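Data from work_10.json: JSON, C-alpha atoms
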```
[["chain", "number", "residue", "atom", "x", "y", "z"],
["I", 1, "MET", "CA", -9.67, 193.69, 148.73],
["I", 2, "GLU", "CA", -8.97, 194.53, 145.11],
["I", 3, "MET", "CA", -5.29, 194.25, 144.17],
["I", 4, "TYR", "CA", -3.66, 196.79, 141.89],
["I", 5, "GLU", "CA", -0.74, 196.42, 139.55],
["I", 6, "GLN", "CA", 1.57, 199.36, 140.24],
["I", 7, "SER", "CA", 3.49, 199.70, 137.00],
["I", 8, "PHE", "CA", 4.15, 203.44, 136.97],
["I", 9, "TYR", "CA", 5.19, 205.75, 139.79],
["I", 10, "LEU", "CA", 5.37, 209.54, 139.35],
["I", 11, "ALA", "CA", 6.65, 212.09, 141.87],
["I", 12, "ALA", "CA", 4.73, 215.37, 142.03],
["I", 13, "VAL", "CA", 6.93, 218.47, 142.30],
["I", 14, "ASN", "CA", 4.34, 221.27, 142.50],
["I", 15, "HIS", "CA", 0.58, 221.34, 142.90],
["I", 16, "GLY", "CA", -2.15, 223.95, 142.86],
["I", 17, "ARG", "CA", -4.40, 224.31, 145.88],
["I", 18, "GLU", "CA", -7.34, 222.60, 144.17],
["I", 19, "PHE", "CA", -5.48, 219.28, 144.23],
["I", 20, "GLU", "CA", -5.64, 219.39, 148.01],
["I", 21, "LEU", "CA", -9.42, 218.94, 147.82],
["I", 22, "ILE", "CA", -8.91, 215.35, 146.74],
["I", 23, "PHE", "CA", -6.92, 214.61, 149.88],
["I", 24, "LYS", "CA", -9.03, 216.73, 152.24],
["I", 25, "HIS", "CA", -12.51, 215.81, 151.06],
["I", 26, "ARG", "CA", -11.69, 212.65, 149.10],
["I", 27, "ASP", "CA", -13.57, 214.02, 146.09],
["I", 28, "THR", "CA", -14.10, 211.36, 143.45],
["I", 29, "PHE", "CA", -12.50, 212.29, 140.16],
["I", 30, "ARG", "CA", -12.21, 210.29, 136.96],
["I", 31, "VAL", "CA", -9.92, 210.59, 133.98],
["I", 32, "HIS", "CA", -11.42, 212.98, 131.43],
["I", 33, "SER", "CA", -8.72, 212.90, 128.73],
["I", 34, "VAL", "CA", -5.14, 211.79, 128.19],
["I", 35, "PHE", "CA", -2.61, 213.51, 125.91],
["I", 36, "THR", "CA", 1.12, 213.20, 125.36],
["I", 37, "HIS", "CA", 1.88, 215.93, 127.91],
["I", 38, "ALA", "CA", -1.34, 216.28, 129.91],
["I", 39, "ILE", "CA", -3.88, 214.23, 131.82],
["I", 40, "ASN", "CA", -7.17, 215.95, 132.65],
["I", 41, "LEU", "CA", -9.26, 214.78, 135.59],
["I", 42, "VAL", "CA", -12.91, 215.68, 136.13],
["I", 43, "ALA", "CA", -15.47, 215.62, 138.94],
["I", 44, "GLY", "CA", -18.78, 217.23, 138.03],
["I", 45, "SER", "CA", -17.86, 220.61, 136.53],
["I", 46, "GLU", "CA", -14.40, 220.75, 138.15],
["I", 47, "PHE", "CA", -11.20, 219.83, 136.32],
["I", 48, "LEU", "CA", -7.63, 219.13, 137.42],
["I", 49, "THR", "CA", -4.61, 218.67, 135.15],
["I", 50, "VAL", "CA", -1.38, 216.70, 135.52],
["I", 51, "LEU", "CA", 1.55, 218.12, 133.53],
["I", 52, "PRO", "CA", 5.28, 217.51, 133.06],
["I", 53, "LEU", "CA", 7.42, 219.82, 135.18],
["I", 54, "ALA", "CA", 8.61, 221.85, 132.19],
["I", 55, "ARG", "CA", 5.01, 222.73, 131.25],
["I", 56, "GLY", "CA", 4.39, 224.80, 134.39],
["I", 57, "CYS", "CA", 1.75, 224.59, 137.11],
["I", 58, "GLY", "CA", -1.41, 226.45, 138.14],
["I", 59, "ARG", "CA", -4.26, 226.55, 140.65],
["I", 60, "ASP", "CA", -5.84, 223.44, 139.10],
["I", 61, "ALA", "CA", -2.65, 221.71, 137.99],
["I", 62, "ALA", "CA", 0.11, 219.50, 139.33],
["I", 63, "THR", "CA", 3.52, 218.93, 137.78],
["I", 64, "VAL", "CA", 5.40, 215.64, 137.93],
["I", 65, "ALA", "CA", 9.11, 214.91, 137.56],
["I", 66, "VAL", "CA", 9.39, 213.35, 134.11],
["I", 67, "SER", "CA", 11.75, 214.06, 131.23],
["I", 68, "GLY", "CA", 10.71, 216.33, 128.38],
["I", 69, "ASP", "CA", 10.23, 213.46, 125.95],
["I", 70, "PHE", "CA", 8.11, 211.36, 128.32],
["I", 71, "SER", "CA", 4.58, 210.66, 127.09],
["I", 72, "PHE", "CA", 1.64, 210.20, 129.44],
["I", 73, "LEU", "CA", 0.14, 207.95, 126.77],
["I", 74, "THR", "CA", 2.54, 205.24, 127.95],
["I", 75, "LEU", "CA", 1.05, 205.13, 131.47],
["I", 76, "GLY", "CA", -1.85, 202.85, 130.62],
["I", 77, "VAL", "CA", -4.34, 205.46, 131.88],
["I", 78, "SER", "CA", -7.67, 205.47, 130.06],
["I", 79, "ILE", "CA", -10.64, 207.79, 129.81],
["I", 80, "ASP", "CA", -13.13, 207.24, 132.66],
["I", 81, "ASP", "CA", -10.56, 205.48, 134.87],
["I", 82, "THR", "CA", -11.33, 206.19, 138.52],
["I", 83, "VAL", "CA", -8.98, 208.48, 140.46],
["I", 84, "ILE", "CA", -8.67, 207.67, 144.15],
["I", 85, "ALA", "CA", -6.52, 208.86, 147.05],
["I", 86, "PRO", "CA", -5.39, 205.66, 148.79],
["I", 87, "THR", "CA", -3.26, 207.73, 151.20],
["I", 88, "SER", "CA", -3.21, 211.36, 152.31],
["I", 89, "SER", "CA", -0.44, 212.13, 149.81],
["I", 90, "SER", "CA", -0.93, 209.93, 146.77],
["I", 91, "LEU", "CA", -3.31, 209.52, 143.85],
["I", 92, "ARG", "CA", -3.97, 206.38, 141.86],
["I", 93, "LEU", "CA", -5.13, 206.82, 138.27],
["I", 94, "GLY", "CA", -6.78, 203.61, 137.18],
["I", 95, "LYS", "CA", -4.85, 200.47, 138.06],
["I", 96, "LYS", "CA", -1.37, 201.26, 136.81],
["I", 97, "ALA", "CA", -0.32, 204.82, 137.69],
["I", 98, "VAL", "CA", 0.40, 206.39, 141.09],
["I", 99, "ILE", "CA", 1.33, 210.02, 141.73],
["I", 100, "ASP", "CA", 3.12, 210.68, 145.02],
["I", 101, "PHE", "CA", 2.60, 214.17, 146.50],
["I", 102, "SER", "CA", 4.61, 213.68, 149.69],
["I", 103, "ASP", "CA", 7.40, 216.04, 148.55],
["I", 104, "SER", "CA", 5.26, 218.32, 146.38],
["I", 105, "ARG", "CA", 5.28, 222.07, 147.01],
["I", 106, "ARG", "CA", 2.16, 224.19, 146.85],
["I", 107, "TRP", "CA", 2.23, 226.47, 143.82],
["I", 108, "SER", "CA", 1.77, 230.25, 144.21],
["I", 109, "SER", "CA", 0.38, 232.50, 141.50],
["I", 110, "PRO", "CA", 2.63, 235.34, 140.30],
["I", 111, "LEU", "CA", -0.51, 237.50, 140.02],
["I", 112, "GLU", "CA", -0.83, 237.47, 143.81],
["I", 113, "ALA", "CA", 1.98, 240.03, 143.83],
["I", 114, "VAL", "CA", 0.11, 242.46, 141.56],
["I", 115, "ASN", "CA", -1.57, 245.20, 143.61],
["I", 116, "CYS", "CA", -2.97, 248.68, 143.02],
["I", 117, "LEU", "CA", -2.31, 248.91, 139.30],
["I", 118, "HIS", "CA", -2.83, 252.37, 137.84],
["I", 119, "LEU", "CA", -0.52, 252.57, 134.85],
["I", 120, "ILE", "CA", 0.17, 250.15, 132.02],
["I", 121, "LYS", "CA", 3.78, 250.03, 130.92],
["I", 122, "GLU", "CA", 3.79, 251.27, 127.35],
["I", 123, "GLU", "CA", 7.12, 249.64, 126.56],
["I", 124, "ASN", "CA", 5.85, 246.24, 127.68],
["I", 125, "LEU", "CA", 2.60, 246.61, 125.77],
["I", 126, "ALA", "CA", 4.73, 247.37, 122.72],
["I", 127, "VAL", "CA", 6.69, 244.17, 123.34],
["I", 128, "LEU", "CA", 3.44, 242.19, 123.37],
["I", 129, "GLU", "CA", 2.19, 243.95, 120.24],
["I", 130, "GLN", "CA", 5.44, 243.25, 118.38],
["I", 131, "ALA", "CA", 5.34, 239.57, 119.35],
["I", 132, "LEU", "CA", 1.77, 239.25, 118.11],
["I", 133, "THR", "CA", 2.62, 241.09, 114.90],
["I", 134, "SER", "CA", 5.49, 238.67, 114.21],
["I", 135, "LYS", "CA", 2.89, 235.88, 114.22],
["I", 136, "HIS", "CA", 0.18, 237.79, 112.36],
["I", 137, "ARG", "CA", 1.46, 240.57, 110.13],
["I", 138, "ASP", "CA", -1.99, 242.10, 109.71],
["I", 139, "LEU", "CA", -2.53, 242.56, 113.45],
["I", 140, "ALA", "CA", -3.89, 246.10, 113.14],
["I", 141, "PHE", "CA", -6.51, 244.92, 110.67],
["I", 142, "HIS", "CA", -7.16, 241.82, 112.74],
["I", 143, "VAL", "CA", -8.18, 243.86, 115.81],
["I", 144, "SER", "CA", -9.95, 246.78, 114.17],
["I", 145, "GLY", "CA", -13.03, 245.18, 112.64],
["I", 146, "GLY", "CA", -15.52, 242.38, 112.76],
["I", 147, "ILE", "CA", -16.53, 240.72, 115.98],
["I", 148, "ILE", "CA", -13.74, 242.27, 118.05],
["I", 149, "GLU", "CA", -15.00, 245.71, 117.12],
["I", 150, "GLU", "CA", -18.51, 244.61, 118.12],
["I", 151, "ILE", "CA", -17.17, 243.54, 121.51],
["I", 152, "ARG", "CA", -15.32, 246.82, 122.00],
["I", 153, "THR", "CA", -18.29, 248.96, 121.00],
["I", 154, "SER", "CA", -20.72, 247.02, 123.16],
["I", 155, "LEU", "CA", -18.46, 247.32, 126.18],
["I", 156, "LEU", "CA", -17.97, 251.06, 125.78],
["I", 157, "GLU", "CA", -21.69, 251.62, 125.32],
["I", 158, "ASN", "CA", -22.51, 249.33, 128.26],
["I", 159, "ASP", "CA", -24.69, 247.38, 125.84],
["I", 160, "ALA", "CA", -25.27, 243.97, 127.40],
["I", 161, "LYS", "CA", -27.48, 242.78, 124.54],
["I", 162, "GLY", "CA", -24.89, 243.69, 121.92],
["I", 163, "LEU", "CA", -22.07, 242.13, 123.94],
["I", 164, "ASP", "CA", -24.05, 238.93, 124.43],
["I", 165, "SER", "CA", -24.63, 238.72, 120.68],
["I", 166, "ALA", "CA", -20.95, 239.33, 119.90],
["I", 167, "LEU", "CA", -19.74, 236.73, 122.39],
["I", 168, "ALA", "CA", -22.21, 234.21, 121.01],
["I", 169, "GLY", "CA", -20.35, 234.54, 117.73],
["I", 170, "ILE", "CA", -16.94, 233.84, 119.19],
["I", 171, "ILE", "CA", -17.20, 231.46, 122.17],
["I", 172, "GLY", "CA", -16.92, 227.87, 121.01],
["I", 173, "PHE", "CA", -15.59, 228.80, 117.57],
["I", 174, "GLY", "CA", -12.19, 227.95, 116.12],
["I", 175, "PRO", "CA", -9.76, 225.01, 116.09],
["I", 176, "GLY", "CA", -8.20, 223.22, 119.03],
["I", 177, "LEU", "CA", -9.17, 221.54, 122.29],
["I", 178, "THR", "CA", -9.84, 225.06, 123.55],
["I", 179, "PRO", "CA", -11.25, 226.92, 120.52],
["I", 180, "SER", "CA", -9.53, 230.10, 119.36],
["I", 181, "GLY", "CA", -12.46, 232.30, 120.34],
["I", 182, "ASP", "CA", -12.43, 230.84, 123.85],
["I", 183, "ASP", "CA", -8.71, 231.50, 124.25],
["I", 184, "LEU", "CA", -9.17, 235.14, 123.31],
["I", 185, "VAL", "CA", -12.01, 235.50, 125.82],
["I", 186, "LEU", "CA", -9.85, 233.79, 128.45],
["I", 187, "GLY", "CA", -7.02, 236.30, 127.94],
["I", 188, "MET", "CA", -9.40, 239.24, 128.18],
["I", 189, "SER", "CA", -11.16, 237.82, 131.25],
["I", 190, "LEU", "CA", -7.96, 237.16, 133.17],
["I", 191, "THR", "CA", -6.63, 240.66, 132.44],
["I", 192, "ARG", "CA", -9.88, 242.33, 133.46],
["I", 193, "SER", "CA", -9.87, 240.42, 136.75],
["I", 194, "VAL", "CA", -6.57, 242.03, 137.76],
["I", 195, "PHE", "CA", -7.97, 245.56, 137.37],
["I", 196, "ARG", "CA", -11.42, 245.05, 138.84],
["I", 197, "VAL", "CA", -12.28, 247.06, 141.95],
["I", 198, "PRO", "CA", -11.37, 245.08, 145.12],
["I", 199, "GLY", "CA", -14.35, 243.80, 147.05],
["I", 200, "ARG", "CA", -16.77, 244.12, 144.15],
["I", 201, "ASP", "CA", -18.33, 240.69, 143.91],
["I", 202, "ARG", "CA", -21.10, 241.65, 141.48],
["I", 203, "ASP", "CA", -20.51, 240.64, 137.89],
["I", 204, "GLY", "CA", -20.30, 243.37, 135.29],
["I", 205, "ILE", "CA", -21.74, 242.92, 131.81],
["I", 206, "TRP", "CA", -18.52, 241.23, 130.63],
["I", 207, "GLU", "CA", -18.65, 238.54, 133.29],
["I", 208, "ALA", "CA", -22.42, 238.06, 132.97],
["I", 209, "CYS", "CA", -22.37, 237.76, 129.18],
["I", 210, "VAL", "CA", -19.35, 235.45, 129.13],
["I", 211, "ARG", "CA", -20.95, 233.12, 131.68],
["I", 212, "LYS", "CA", -24.21, 233.16, 129.73],
["I", 213, "ASN", "CA", -22.44, 231.87, 126.60],
["I", 214, "LEU", "CA", -20.28, 229.16, 128.15],
["I", 215, "GLY", "CA", -22.81, 226.49, 127.16],
["I", 216, "ARG", "CA", -21.67, 227.03, 123.57],
["I", 217, "THR", "CA", -18.28, 225.41, 124.16],
["I", 218, "SER", "CA", -16.85, 222.26, 125.73],
["I", 219, "ASP", "CA", -17.00, 221.68, 129.48],
["I", 220, "LEU", "CA", -13.20, 221.80, 129.73],
["I", 221, "SER", "CA", -12.87, 225.07, 127.84],
["I", 222, "ALA", "CA", -15.76, 226.59, 129.81],
["I", 223, "PHE", "CA", -13.99, 225.64, 133.02],
["I", 224, "PHE", "CA", -10.80, 227.43, 131.97],
["I", 225, "ILE", "CA", -12.77, 230.58, 131.11],
["I", 226, "LYS", "CA", -14.59, 230.51, 134.46],
["I", 227, "ARG", "CA", -11.27, 230.28, 136.24],
["I", 228, "ALA", "CA", -9.98, 233.25, 134.22],
["I", 229, "LEU", "CA", -13.01, 235.29, 135.33],
["I", 230, "GLU", "CA", -11.91, 234.46, 138.89],
["I", 231, "GLY", "CA", -8.36, 235.63, 138.15],
["I", 232, "CYS", "CA", -6.70, 232.26, 137.61],
["I", 233, "ALA", "CA", -5.05, 230.59, 134.62],
["I", 234, "HIS", "CA", -2.17, 228.31, 133.74],
["I", 235, "GLU", "CA", 1.21, 229.48, 135.01],
["I", 236, "THR", "CA", 2.47, 230.36, 131.51],
["I", 237, "VAL", "CA", -0.50, 232.69, 130.98],
["I", 238, "GLU", "CA", -0.29, 234.27, 134.42],
["I", 239, "ARG", "CA", 3.47, 234.74, 134.09],
["I", 240, "ALA", "CA", 3.10, 236.50, 130.74],
["I", 241, "LEU", "CA", 0.46, 238.88, 132.10],
["I", 242, "PHE", "CA", 2.48, 239.48, 135.27],
["I", 243, "CYS", "CA", 5.65, 240.33, 133.34],
["I", 244, "VAL", "CA", 3.82, 242.63, 130.91],
["I", 245, "LEU", "CA", 2.28, 244.47, 133.86],
["I", 246, "THR", "CA", 5.25, 244.67, 136.21],
["I", 247, "GLY", "CA", 8.43, 243.37, 134.57],
["I", 248, "LYS", "CA", 11.22, 244.88, 132.55],
["I", 249, "PRO", "CA", 10.91, 244.71, 128.75],
["I", 250, "GLY", "CA", 13.33, 241.77, 128.57],
["I", 251, "GLU", "CA", 11.31, 239.81, 131.13],
["I", 252, "ALA", "CA", 8.11, 240.61, 129.27],
["I", 253, "ARG", "CA", 9.66, 239.54, 125.96],
["I", 254, "ASP", "CA", 10.72, 236.14, 127.34],
["I", 255, "ALA", "CA", 7.39, 235.47, 129.06],
["I", 256, "VAL", "CA", 5.36, 236.50, 126.01],
["I", 257, "ALA", "CA", 7.52, 234.34, 123.73],
["I", 258, "ARG", "CA", 6.82, 231.33, 125.93],
["I", 259, "LEU", "CA", 3.09, 232.08, 125.91],
["I", 260, "LEU", "CA", 2.93, 232.41, 122.14],
["I", 261, "SER", "CA", 4.69, 229.04, 121.75],
["I", 262, "VAL", "CA", 1.80, 227.23, 123.48],
["I", 263, "GLY", "CA", -0.25, 225.02, 121.16],
["I", 264, "ALA", "CA", -1.04, 225.66, 117.54],
["I", 265, "THR", "CA", -3.15, 228.78, 118.20],
["I", 266, "SER", "CA", -3.88, 228.94, 121.94],
["I", 267, "GLY", "CA", -0.88, 231.02, 123.01],
["I", 268, "TYR", "CA", -1.42, 233.59, 120.28],
["I", 269, "ASP", "CA", -5.15, 233.91, 120.93],
["I", 270, "ILE", "CA", -4.69, 234.27, 124.69],
["I", 271, "GLY", "CA", -1.94, 236.83, 124.07],
["I", 272, "LEU", "CA", -4.23, 238.75, 121.73],
["I", 273, "GLY", "CA", -6.93, 238.76, 124.42],
["I", 274, "ILE", "CA", -4.43, 240.15, 126.95],
["I", 275, "TYR", "CA", -3.31, 242.81, 124.48],
["I", 276, "LEU", "CA", -6.85, 243.93, 123.68],
["I", 277, "ALA", "CA", -7.80, 244.11, 127.35],
["I", 278, "LEU", "CA", -4.71, 246.16, 128.23],
["I", 279, "ASP", "CA", -5.08, 248.45, 125.21],
["I", 280, "TRP", "CA", -8.73, 249.12, 126.02],
["I", 281, "GLN", "CA", -7.92, 249.61, 129.68],
["I", 282, "ARG", "CA", -5.35, 252.33, 128.97],
["I", 283, "ARG", "CA", -7.70, 254.00, 126.47],
["I", 284, "TYR", "CA", -11.09, 253.62, 128.16],
["I", 285, "GLY", "CA", -10.59, 252.09, 131.62],
["I", 286, "TRP", "CA", -13.01, 249.26, 130.76],
["I", 287, "CYS", "CA", -11.52, 246.76, 133.21],
["I", 288, "SER", "CA", -12.04, 248.98, 136.24],
["I", 289, "ARG", "CA", -15.43, 250.42, 135.40],
["I", 290, "GLY", "CA", -18.36, 249.66, 137.63],
["I", 291, "TRP", "CA", -20.30, 247.75, 134.99]]
```

Spit out the file's structure as structure tokens when you get a sec.
Amino acid sequence: MEMYEQSFYLAAVNHGREFELIFKHRDTFRVHSVFTHAINLVAGSEFLTVLPLARGCGRDAATVAVSGDFSFLTLGVSIDDTVIAPTSSSLRLGKKAVIDFSDSRRWSSPLEAVNCLHLIKEENLAVLEQALTSKHRDLAFHVSGGIIEEIRTSLLENDAKGLDSALAGIIGFGPGLTPSGDDLVLGMSLTRSVFRVPGRDRDGIWEACVRKNLGRTSDLSAFFIKRALEGCAHETVERALFCVLTGKPGEARDAVARLLSVGATSGYDIGLGIYLALDWQRRYGWCSRGW
């Protein structure tokens, strides 16, 4: 039997439900990428992420009890290392790192508490707009022309061909591990999912055109967008949307500030996508239309 050197031991605090598939079905994952504060695991087209506790959880994430200055780069975990479940409550990443899930709690999405939305809180939408404006002073110009206007017009005219063309010009474009265009689409997709008619499993033109263009970006970014279409995202994103929809202005302000602090551009672009989706929903009802 192969012997392992157990140099690092991490205790999981929270985990999304998708992590349970490893223990239930013993799915074989491998390490996709390692960053200072994230380890991404992959099996086929499915991804899981390990994060420090302070970074929040999600359906496809697990958080571990490490200090804020701890770096996952010190774990000796490498790309393509095999991930196995030697017990019913632990994961081994390569030969040196073990994550213990025996005391981990299952994470619950704040969006599960959002039901029967009819009105958008104007004061909270204003909070989101002000936060975006503080990052980009020309916000009004930024959202009133170019490809965003093409997206808006195509949606309102139920023009699948025009929407497909517009999305082809934005998905996969921009800086970052998840390109800016992808982050905007993610924010719009997650917001639309909250308003869609319950029980309607048929994709509208937004969902169909987004899925059609996912081959233009990385597998990891495409995965995040697909999850957003299903109504799931990282906890920071879900919390921001939840607070804008249901919270008091102070709660919305704090949650939006945390979202906009994520990454170099990701938080802003996701926030802009949420803002556009909510603004268009209150004006045109695009999220809850039958197409």

For CA of Glu122 in chain I and CA of Ile147 in chain I, the interatomic separation in Å (one decimal): 25.6 Å

Straight-line distance linking CA of Arg211 in chain I with CA of Thr63 in chain I, stated in Å to one decimal: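 CA of Arg211 in chain I sits 28.9 Å away from CA of Thr63 in chain I.
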
Shell around Leu167 in chain I at 8 Å using only C-alpha atoms, local window under 6 positions removed, as a PyMOL selection string: chain I and resi 151+209-210+213

Between CA of Thr153 in chain I and CA of Asn115 in chain I, distance in Å (one decimal):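 These two atoms are separated by 28.4 Å.
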
Using only C-alpha atoms: which of I:Gly273, I:Gly247, I:Gly16, I:Gly267 has the shortest distance to Asp60 in chain I: I:Gly16

Nearest residue to Thr36 in chain I from the set I:Gly204, I:Gly250, I:Gly56, I:Gly68 (distances using all atoms listed in the file): I:Gly68

Selected residue, from I:Gly146, I:Gly58, I:Pro86, I:Gly181, that lies nearest to Tyr268 in chain I when counting only C-alpha atoms: I:Gly181
